[in-house]
$ cat input20.tsv   # TSV, C-alpha atoms
chain	number	residue	atom	x	y	z
A	269	MET	CA	70.23	96.24	80.30
A	270	ALA	CA	71.24	93.93	77.46
A	271	GLY	CA	74.43	91.90	77.78
A	272	LEU	CA	77.54	93.16	76.06
A	273	ASP	CA	78.90	90.38	73.85
A	274	LEU	CA	82.63	90.93	73.85
A	275	VAL	CA	85.18	89.18	71.68
A	276	VAL	CA	87.73	88.13	74.29
A	277	GLY	CA	90.54	86.08	72.81
A	278	ARG	CA	92.79	83.55	74.50
A	279	GLY	CA	95.35	85.29	76.70
A	280	SER	CA	93.36	88.54	76.79
A	281	HIS	CA	93.61	90.81	79.83
A	282	MET	CA	90.92	93.46	79.58
A	283	GLY	CA	89.82	96.23	81.93
A	284	GLN	CA	86.36	97.59	82.67
A	285	ILE	CA	85.64	100.87	84.41
A	286	TYR	CA	82.05	100.61	85.63
A	287	GLU	CA	79.65	102.97	87.34
A	288	SER	CA	76.86	100.59	88.41
A	289	PHE	CA	76.08	96.96	89.15
A	290	ASP	CA	74.13	96.88	85.88
A	291	GLU	CA	77.32	97.70	83.97
A	292	GLN	CA	79.15	94.87	85.76
A	293	LYS	CA	76.37	92.43	84.85
A	294	GLN	CA	76.32	93.61	81.25
A	295	VAL	CA	79.86	92.27	80.88
A	296	ILE	CA	80.08	89.30	83.24
A	297	LEU	CA	76.82	87.48	82.51
A	298	PRO	CA	77.36	86.86	78.76
A	299	PHE	CA	81.11	86.39	79.31
A	300	PHE	CA	80.55	83.58	81.82
A	301	ARG	CA	77.61	82.01	80.01
A	302	GLU	CA	79.73	81.67	76.87
A	303	GLY	CA	82.59	80.22	78.89
A	304	LEU	CA	80.42	77.62	80.62
A	305	ARG	CA	78.90	76.59	77.30
A	306	ASN	CA	82.42	76.20	75.89
A	307	GLY	CA	83.53	73.94	78.73
A	308	GLU	CA	85.66	76.53	80.51
A	309	HIS	CA	86.10	77.20	84.24
A	310	CYS	CA	84.67	80.58	85.32
A	311	LEU	CA	85.99	82.38	88.40
A	312	LEU	CA	84.15	85.45	89.68
A	313	VAL	CA	85.92	87.76	92.13
A	314	ALA	CA	83.26	89.66	94.06
A	315	ASN	CA	82.45	91.44	97.29
A	316	SER	CA	81.14	88.86	99.77
A	317	ALA	CA	78.05	91.02	100.33
A	318	SER	CA	77.11	90.58	96.66
A	319	PHE	CA	77.40	86.76	96.50
A	320	ASP	CA	73.65	86.18	96.75
A	321	ASP	CA	72.94	88.93	94.23
A	322	TRP	CA	75.32	87.35	91.72
A	323	CYS	CA	73.78	83.90	92.20
A	324	LEU	CA	70.33	85.33	91.53
A	325	GLU	CA	71.57	87.19	88.47
A	326	PHE	CA	73.26	84.07	87.08
A	327	GLN	CA	70.08	82.04	87.59
A	328	ALA	CA	67.95	84.70	85.90
A	329	TYR	CA	70.37	84.70	82.98
A	330	GLY	CA	69.93	80.96	82.48
A	331	ILE	CA	73.01	79.72	84.33
A	332	ASP	CA	72.32	76.82	86.69
A	333	VAL	CA	74.43	77.98	89.63
A	334	HIS	CA	74.06	74.80	91.68
A	335	ARG	CA	74.93	72.47	88.81
A	336	GLU	CA	77.84	74.54	87.53
A	337	SER	CA	79.24	75.00	91.05
A	338	GLU	CA	78.89	71.30	91.88
A	339	ARG	CA	80.90	70.27	88.83
A	340	GLY	CA	83.55	72.89	89.59
A	341	ALA	CA	82.88	75.01	86.52
A	342	LEU	CA	81.69	78.11	88.39
A	343	LYS	CA	83.36	79.54	91.49
A	344	ILE	CA	82.83	82.80	93.36
A	345	ILE	CA	85.51	84.15	95.70
A	346	THR	CA	86.14	87.43	97.52
A	347	GLY	CA	88.74	89.99	96.55
A	348	ALA	CA	90.64	89.13	99.73
A	349	GLN	CA	90.75	85.46	98.68
A	350	TRP	CA	92.04	86.45	95.25
A	351	ARG	CA	94.75	88.69	96.70
A	352	GLY	CA	95.81	86.22	99.40
A	353	SER	CA	96.95	86.93	102.93
A	354	GLY	CA	99.81	89.19	103.97
A	355	GLN	CA	101.36	92.04	102.05
A	356	PHE	CA	100.41	91.95	98.38
A	357	ASN	CA	103.20	90.97	95.99
A	358	SER	CA	102.85	90.85	92.20
A	359	MET	CA	105.28	87.96	91.78
A	360	ILE	CA	103.48	85.79	94.34
A	361	GLN	CA	100.14	86.69	92.76
A	362	ALA	CA	101.49	85.74	89.34
A	363	ARG	CA	102.70	82.33	90.55
A	364	GLU	CA	99.40	81.58	92.28
A	365	ALA	CA	97.32	82.70	89.30
A	366	LEU	CA	99.39	80.57	86.91
A	367	ALA	CA	99.13	77.53	89.19
A	368	MET	CA	95.35	77.91	89.34
A	369	ILE	CA	95.03	78.30	85.56
A	370	GLN	CA	97.23	75.28	84.86
A	371	ASP	CA	95.38	73.18	87.44
A	372	ARG	CA	91.94	74.06	86.05
A	373	SER	CA	93.14	73.50	82.48
A	374	HIS	CA	93.51	69.79	83.22
A	375	GLU	CA	89.74	69.57	83.76
A	376	PHE	CA	88.40	72.34	81.54
A	377	LYS	CA	89.11	73.75	78.10
A	378	GLY	CA	90.21	77.06	79.55
A	379	VAL	CA	89.67	79.57	82.34
A	380	ARG	CA	87.75	82.83	82.56
A	381	ILE	CA	88.37	85.28	85.41
A	382	ALA	CA	86.33	88.43	85.99
A	383	GLY	CA	85.32	90.77	88.76
A	384	ASP	CA	86.39	93.48	91.16
A	385	ALA	CA	89.15	92.50	93.59
A	386	ASP	CA	88.20	95.15	96.19
A	387	TRP	CA	91.74	96.54	96.17
A	388	GLU	CA	90.91	99.39	98.54
A	389	PHE	CA	89.09	97.18	101.04
A	390	ASP	CA	90.90	96.32	104.29
A	391	PRO	CA	93.69	95.42	103.95
A	392	ALA	CA	94.00	98.03	101.21
A	393	VAL	CA	96.55	97.57	98.43
A	394	PRO	CA	98.21	100.80	97.22
A	395	ALA	CA	97.42	101.92	93.70
A	396	SER	CA	101.14	101.70	92.84
A	397	ASP	CA	101.16	97.97	93.72
A	398	VAL	CA	97.98	97.38	91.72
A	399	CYS	CA	99.55	99.21	88.77
A	400	HIS	CA	102.58	96.92	88.90
A	401	TRP	CA	100.38	93.81	89.17
A	402	GLU	CA	98.17	94.79	86.24
A	403	ALA	CA	101.22	95.52	84.09
A	404	THR	CA	102.71	92.16	85.12
A	405	ALA	CA	99.43	90.36	84.45
A	406	ASN	CA	99.69	91.15	80.74
A	407	LEU	CA	102.78	88.92	80.58
A	408	VAL	CA	101.36	86.31	82.95
A	409	PHE	CA	98.20	85.70	80.95
A	410	GLU	CA	99.24	86.25	77.32
A	411	GLU	CA	100.37	82.67	76.60
A	412	GLU	CA	97.82	80.92	78.81
A	413	PRO	CA	94.37	79.41	78.06
A	414	VAL	CA	92.71	82.22	80.00
A	415	ARG	CA	90.50	85.24	79.39
A	416	VAL	CA	90.47	87.96	82.05
A	417	ILE	CA	88.31	91.04	82.67
A	418	CYS	CA	89.35	93.28	85.60
A	419	GLN	CA	86.55	95.50	86.86
A	420	TYR	CA	87.00	98.81	88.70
A	421	ASP	CA	84.30	101.03	90.18
A	422	ARG	CA	84.97	104.57	88.97
A	423	ASP	CA	83.18	106.16	91.93
A	424	ARG	CA	84.68	104.00	94.66
A	425	TYR	CA	88.33	103.86	93.63
A	426	SER	CA	90.80	106.73	93.80
A	427	SER	CA	91.82	108.67	90.71
A	428	GLU	CA	95.28	107.09	90.89
A	429	MET	CA	93.74	103.61	90.87
A	430	ILE	CA	91.51	104.34	87.85
A	431	HIS	CA	94.48	105.90	86.08
A	432	ALA	CA	96.44	102.69	86.75
A	433	VAL	CA	93.68	100.70	85.02
A	434	LEU	CA	93.93	102.91	81.96
A	435	ARG	CA	97.73	102.66	81.90
A	436	THR	CA	97.90	98.86	82.11
A	437	HIS	CA	95.10	97.36	79.98
A	438	ARG	CA	95.34	97.18	76.20
A	439	SER	CA	91.57	97.33	75.88
A	440	VAL	CA	88.94	98.80	78.19
A	441	VAL	CA	85.16	98.59	78.47
A	442	TYR	CA	83.55	101.87	79.49
A	443	ARG	CA	79.88	102.85	79.48
A	444	GLY	CA	78.79	99.95	77.34
A	445	HIS	CA	81.51	100.23	74.71
A	446	HIS	CA	84.73	98.28	74.17
A	447	TYR	CA	87.74	100.39	73.20
A	448	ARG	CA	91.30	99.71	72.13
A	449	ASN	CA	93.38	101.61	74.66
A	450	ASN	CA	96.39	102.58	72.57
A	451	PRO	CA	96.45	106.25	73.67
A	452	ASN	CA	96.90	105.39	77.36
A	453	PHE	CA	98.59	101.99	77.49
A	454	GLU	CA	102.13	101.89	78.86
A	455	GLY	CA	102.36	98.45	80.47
A	456	GLU	CA	105.77	97.52	79.08
A	457	ARG	CA	107.21	100.92	79.92
A	458	ILE	CA	106.02	100.58	83.52
A	459	LEU	CA	107.78	97.22	83.91
A	460	GLU	CA	110.93	98.35	82.14
A	461	ASN	CA	111.29	101.27	84.55
A	462	GLU	CA	109.93	99.55	87.67
A	463	PRO	CA	109.34	100.89	90.28
A	464	LEU	CA	109.72	104.46	88.99
A	465	LEU	CA	106.45	104.55	87.04
A	466	ASN	CA	104.21	102.52	89.36
A	467	ARG	CA	102.87	105.66	90.99
A	468	SER	CA	101.04	108.52	89.36
A	469	ASP	CA	99.81	111.84	90.68
A	470	ALA	CA	96.53	111.46	88.85
A	471	ASP	CA	93.55	113.51	89.93
A	472	ALA	CA	90.00	113.57	88.59
A	473	HIS	CA	91.06	115.85	85.72
A	474	THR	CA	93.86	113.46	84.70
A	475	VAL	CA	91.42	110.54	84.66
A	476	GLN	CA	88.86	112.48	82.62
A	477	GLU	CA	91.54	113.38	80.06
A	478	ALA	CA	92.56	109.71	79.79
A	479	LEU	CA	88.93	108.63	79.36
A	480	SER	CA	88.49	111.24	76.65
A	481	ARG	CA	91.52	109.85	74.81
A	482	LEU	CA	90.07	106.36	75.21
A	483	THR	CA	86.67	107.22	73.74
A	484	SER	CA	87.76	109.66	71.02
$ encode --input "input20.tsv" --output "structure tokens"
Amino acid sequence: MAGLDLVVGRGSHMGQIYESFDEQKQVILPFFREGLRNGEHCLLVANSASFDDWCLEFQAYGIDVHRESERGALKIITGAQWRGSGQFNSMIQAREALAMIQDRSHEFKGVRIAGDADWEFDPAVPASDVCHWEATANLVFEEEPVRVICQYDRDRYSSEMIHAVLRTHRSVVYRGHHYRNNPNFEGERILENEPLLNRSDADAHTVQEALSRLTS
């Protein structure tokens, strides 16, 4: 599968709903290769069981994993490491993400973050909390030297979780295409009415309707 060359501007916070490892690679490999060539720090959030697979994929794509890791330009962490210990809190996550971005920006020209944070892996984070974080993340990242792609497995995550992705990202990659998400986006409205709109009663039909609006 050919890489998907996305135009991801500074401060962008993009979502991807994927259905296979190939679809993840299609986005991450060119995204990180471009970042490394531009002198940026690239942080991949991945399942620990896939670390070796990602290293092999990076190497096959022409990324020298050992060299880039040694100089601090490429780092792979688990979803649990990204989320931190204890009960998940959007404000704490925002502070830690900002501190990391600002720290890395002293050494590199910018930061790229991508991957799947394993939100439903033990300890699971409720979809309502993820919704609030993703809505908050738009404000956290928009003025920073960072480019972010949040990946969600359509088959593994609940309908409420996938619906949260569609409600909180201004643009979404789905089945090899990049869409503006104007029909579904309500990030500001979620924060303005927090916590009333963090939850949704989405089922598979709700998600399919949202995806149809996205791709129409």
$ closest_residue --input "input20.tsv" --among "A:Arg372, A:Arg351, A:Arg363, A:Arg278" --to "Asp386 of chain A" --atoms "all atoms listed in the file"
A:Arg351
$ closest_residue --input "input20.tsv" --among "A:Phe289, A:Phe356, A:Phe300, A:Trp322" --to "Arg443 of chain A" --atoms "only C-alpha atoms"
A:Phe289
$ atom_distance --input "input20.tsv" --atom1 "atom CA of Val295 of chain A" --atom2 "atom CA of Arg457 of chain A"
28.7 Å
$ closest_residue --input "input20.tsv" --among "A:Gly330, A:Gly347, A:Gly352, A:Gly444" --to "Asp273 of chain A" --atoms "all atoms listed in the file"
A:Gly444
$ residues_around --input "input20.tsv" --residues "Cys399 of chain A" --least-positions-apart "6" --cutoff "10 Å" --atoms "only C-alpha atoms" --output "list in words"
Ser358, Ala405, Glu428, Met429, Ile430, His431, Ala432, Val433, Leu434, Arg435, Thr436, Gly455, Ile458, Leu459, Leu465, Asn466, Arg467 and Ser468 of chain A
$ residues_around --input "input20.tsv" --residues "His473 of chain A" --least-positions-apart "5" --cutoff "10 Å" --atoms "all atoms listed in the file" --output "ChimeraX atom specification"
/A:427,478-479
$ write_last_selection --input "input20.tsv" --atoms "C-alpha atoms" --output "PDB file, in the frame of the given file"
ATOM      1  CA  SER A 427      91.820 108.670  90.710  1.00  0.00           C
ATOM      2  CA  ALA A 478      92.560 109.710  79.790  1.00  0.00           C
ATOM      3  CA  LEU A 479      88.930 108.630  79.360  1.00  0.00           C
TER       4      LEU A 479
END
$ closest_residue --input "input20.tsv" --among "A:Gln419, A:Asn306, A:Asn461, A:Ser480" --to "Met282 of chain A" --atoms "only C-alpha atoms"
A:Gln419
$ closest_residue --input "input20.tsv" --among "A:Met368, A:Val441, A:Cys323, A:Val416" --to "Leu482 of chain A" --atoms "all atoms listed in the file"
A:Val441
$ closest_residue --input "input20.tsv" --among "A:Leu464, A:Asp469, A:Thr346, A:Tyr286" --to "His445 of chain A" --atoms "all atoms listed in the file"
A:Tyr286
$ residues_near_point --input "input20.tsv" --point "(86.2, 97.4, 89.7)" --cutoff "7 Å" --atoms "all atoms listed in the file" --output "JSON, numbers by chain"
{"A": [285, 286, 383, 384, 385, 418, 419, 420, 421]}
$ write_last_selection --input "input20.tsv" --atoms "C-alpha atoms" --output "JSON list (two decimals), in the frame of the given file"
[["chain", "number", "residue", "atom", "x", "y", "z"],
["A", 285, "ILE", "CA", 85.64, 100.87, 84.41],
["A", 286, "TYR", "CA", 82.05, 100.61, 85.63],
["A", 383, "GLY", "CA", 85.32, 90.77, 88.76],
["A", 384, "ASP", "CA", 86.39, 93.48, 91.16],
["A", 385, "ALA", "CA", 89.15, 92.50, 93.59],
["A", 418, "CYS", "CA", 89.35, 93.28, 85.60],
["A", 419, "GLN", "CA", 86.55, 95.50, 86.86],
["A", 420, "TYR", "CA", 87.00, 98.81, 88.70],
["A", 421, "ASP", "CA", 84.30, 101.03, 90.18]]
$ atom_distance --input "input20.tsv" --atom1 "atom CA of Ala472 of chain A" --atom2 "atom CA of Glu287 of chain A"
14.9 Å
$ atom_distance --input "input20.tsv" --atom1 "atom CA of Arg335 of chain A" --atom2 "atom CA of Ser318 of chain A"
19.9 Å
$ residues_around --input "input20.tsv" --residues "segment 336-343 of chain A" --least-positions-apart "6" --cutoff "12 Å" --atoms "all atoms listed in the file" --output "ChimeraX atom specification"
/A:300-301,303-314,319,322-323,326-327,330,349-350,372-373,375-383
$ axis_aligned_box --input "input20.tsv" --around "segment 460-477 of chain A" --padding-each-side "8 Å" --output "AutoDock Vina command-line options"
--center_x 100.1 --center_y 107.1 --center_z 85.5 --size_x 38.4 --size_y 33.5 --size_z 26.9
$ decode --input "input20.tsv" --residues "segment 380-403 of chain A" --atoms "N, CA and C atoms" --output "short mmCIF file (atom, residue, chain, number, x, y, z; two decimals), in the first residue's frame"
data_model
loop_
_atom_site.label_atom_id
_atom_site.label_comp_id
_atom_site.auth_asym_id
_atom_site.auth_seq_id
_atom_site.Cartn_x
_atom_site.Cartn_y
_atom_site.Cartn_z
N ARG A 380 6.28 15.88 15.98
CA ARG A 380 5.18 15.14 15.36
C ARG A 380 4.78 14.00 16.29
N ILE A 381 3.49 13.87 16.53
CA ILE A 381 2.96 12.81 17.39
C ILE A 381 1.92 12.05 16.60
N ALA A 382 2.00 10.73 16.62
CA ALA A 382 1.00 9.92 15.92
C ALA A 382 0.89 8.56 16.59
N GLY A 383 -0.27 7.93 16.40
CA GLY A 383 -0.44 6.58 16.90
C GLY A 383 -1.77 6.38 17.60
N ASP A 384 -1.91 5.17 18.15
CA ASP A 384 -3.12 4.74 18.83
C ASP A 384 -2.80 4.57 20.30
N ALA A 385 -3.47 5.33 21.16
CA ALA A 385 -3.14 5.36 22.59
C ALA A 385 -3.77 4.22 23.39
N ASP A 386 -4.38 3.25 22.71
CA ASP A 386 -4.91 2.07 23.41
C ASP A 386 -5.85 2.47 24.55
N TRP A 387 -6.78 3.37 24.26
CA TRP A 387 -7.63 3.92 25.32
C TRP A 387 -8.45 2.87 26.06
N GLU A 388 -8.81 1.80 25.38
CA GLU A 388 -9.65 0.79 26.01
C GLU A 388 -8.86 -0.37 26.60
N PHE A 389 -7.52 -0.21 26.62
CA PHE A 389 -6.67 -1.23 27.22
C PHE A 389 -6.52 -0.93 28.71
N ASP A 390 -6.42 -1.97 29.52
CA ASP A 390 -6.33 -1.82 30.98
C ASP A 390 -5.15 -0.93 31.40
N PRO A 391 -5.38 0.14 32.17
CA PRO A 391 -6.69 0.59 32.64
C PRO A 391 -7.43 1.39 31.56
N ALA A 392 -8.65 0.99 31.28
CA ALA A 392 -9.44 1.61 30.23
C ALA A 392 -9.83 3.04 30.61
N VAL A 393 -9.87 3.91 29.62
CA VAL A 393 -10.32 5.29 29.81
C VAL A 393 -11.69 5.41 29.15
N PRO A 394 -12.71 5.89 29.85
CA PRO A 394 -14.05 5.99 29.27
C PRO A 394 -14.07 6.88 28.03
N ALA A 395 -14.95 6.55 27.12
CA ALA A 395 -15.07 7.34 25.89
C ALA A 395 -15.39 8.80 26.19
N SER A 396 -16.14 9.06 27.25
CA SER A 396 -16.48 10.45 27.60
C SER A 396 -15.22 11.23 27.98
N ASP A 397 -14.28 10.60 28.68
CA ASP A 397 -13.02 11.26 29.04
C ASP A 397 -12.15 11.49 27.81
N VAL A 398 -12.14 10.51 26.91
CA VAL A 398 -11.37 10.67 25.67
C VAL A 398 -11.96 11.79 24.83
N CYS A 399 -13.28 11.87 24.79
CA CYS A 399 -13.94 12.95 24.05
C CYS A 399 -13.51 14.31 24.59
N HIS A 400 -13.50 14.46 25.90
CA HIS A 400 -13.10 15.73 26.50
C HIS A 400 -11.63 16.03 26.20
N TRP A 401 -10.77 15.02 26.26
CA TRP A 401 -9.35 15.23 25.97
C TRP A 401 -9.15 15.66 24.52
N GLU A 402 -9.80 14.97 23.59
CA GLU A 402 -9.60 15.30 22.18
C GLU A 402 -10.13 16.70 21.85
N ALA A 403 -11.22 17.09 22.49
CA ALA A 403 -11.72 18.45 22.30
C ALA A 403 -10.74 19.46 22.89
#
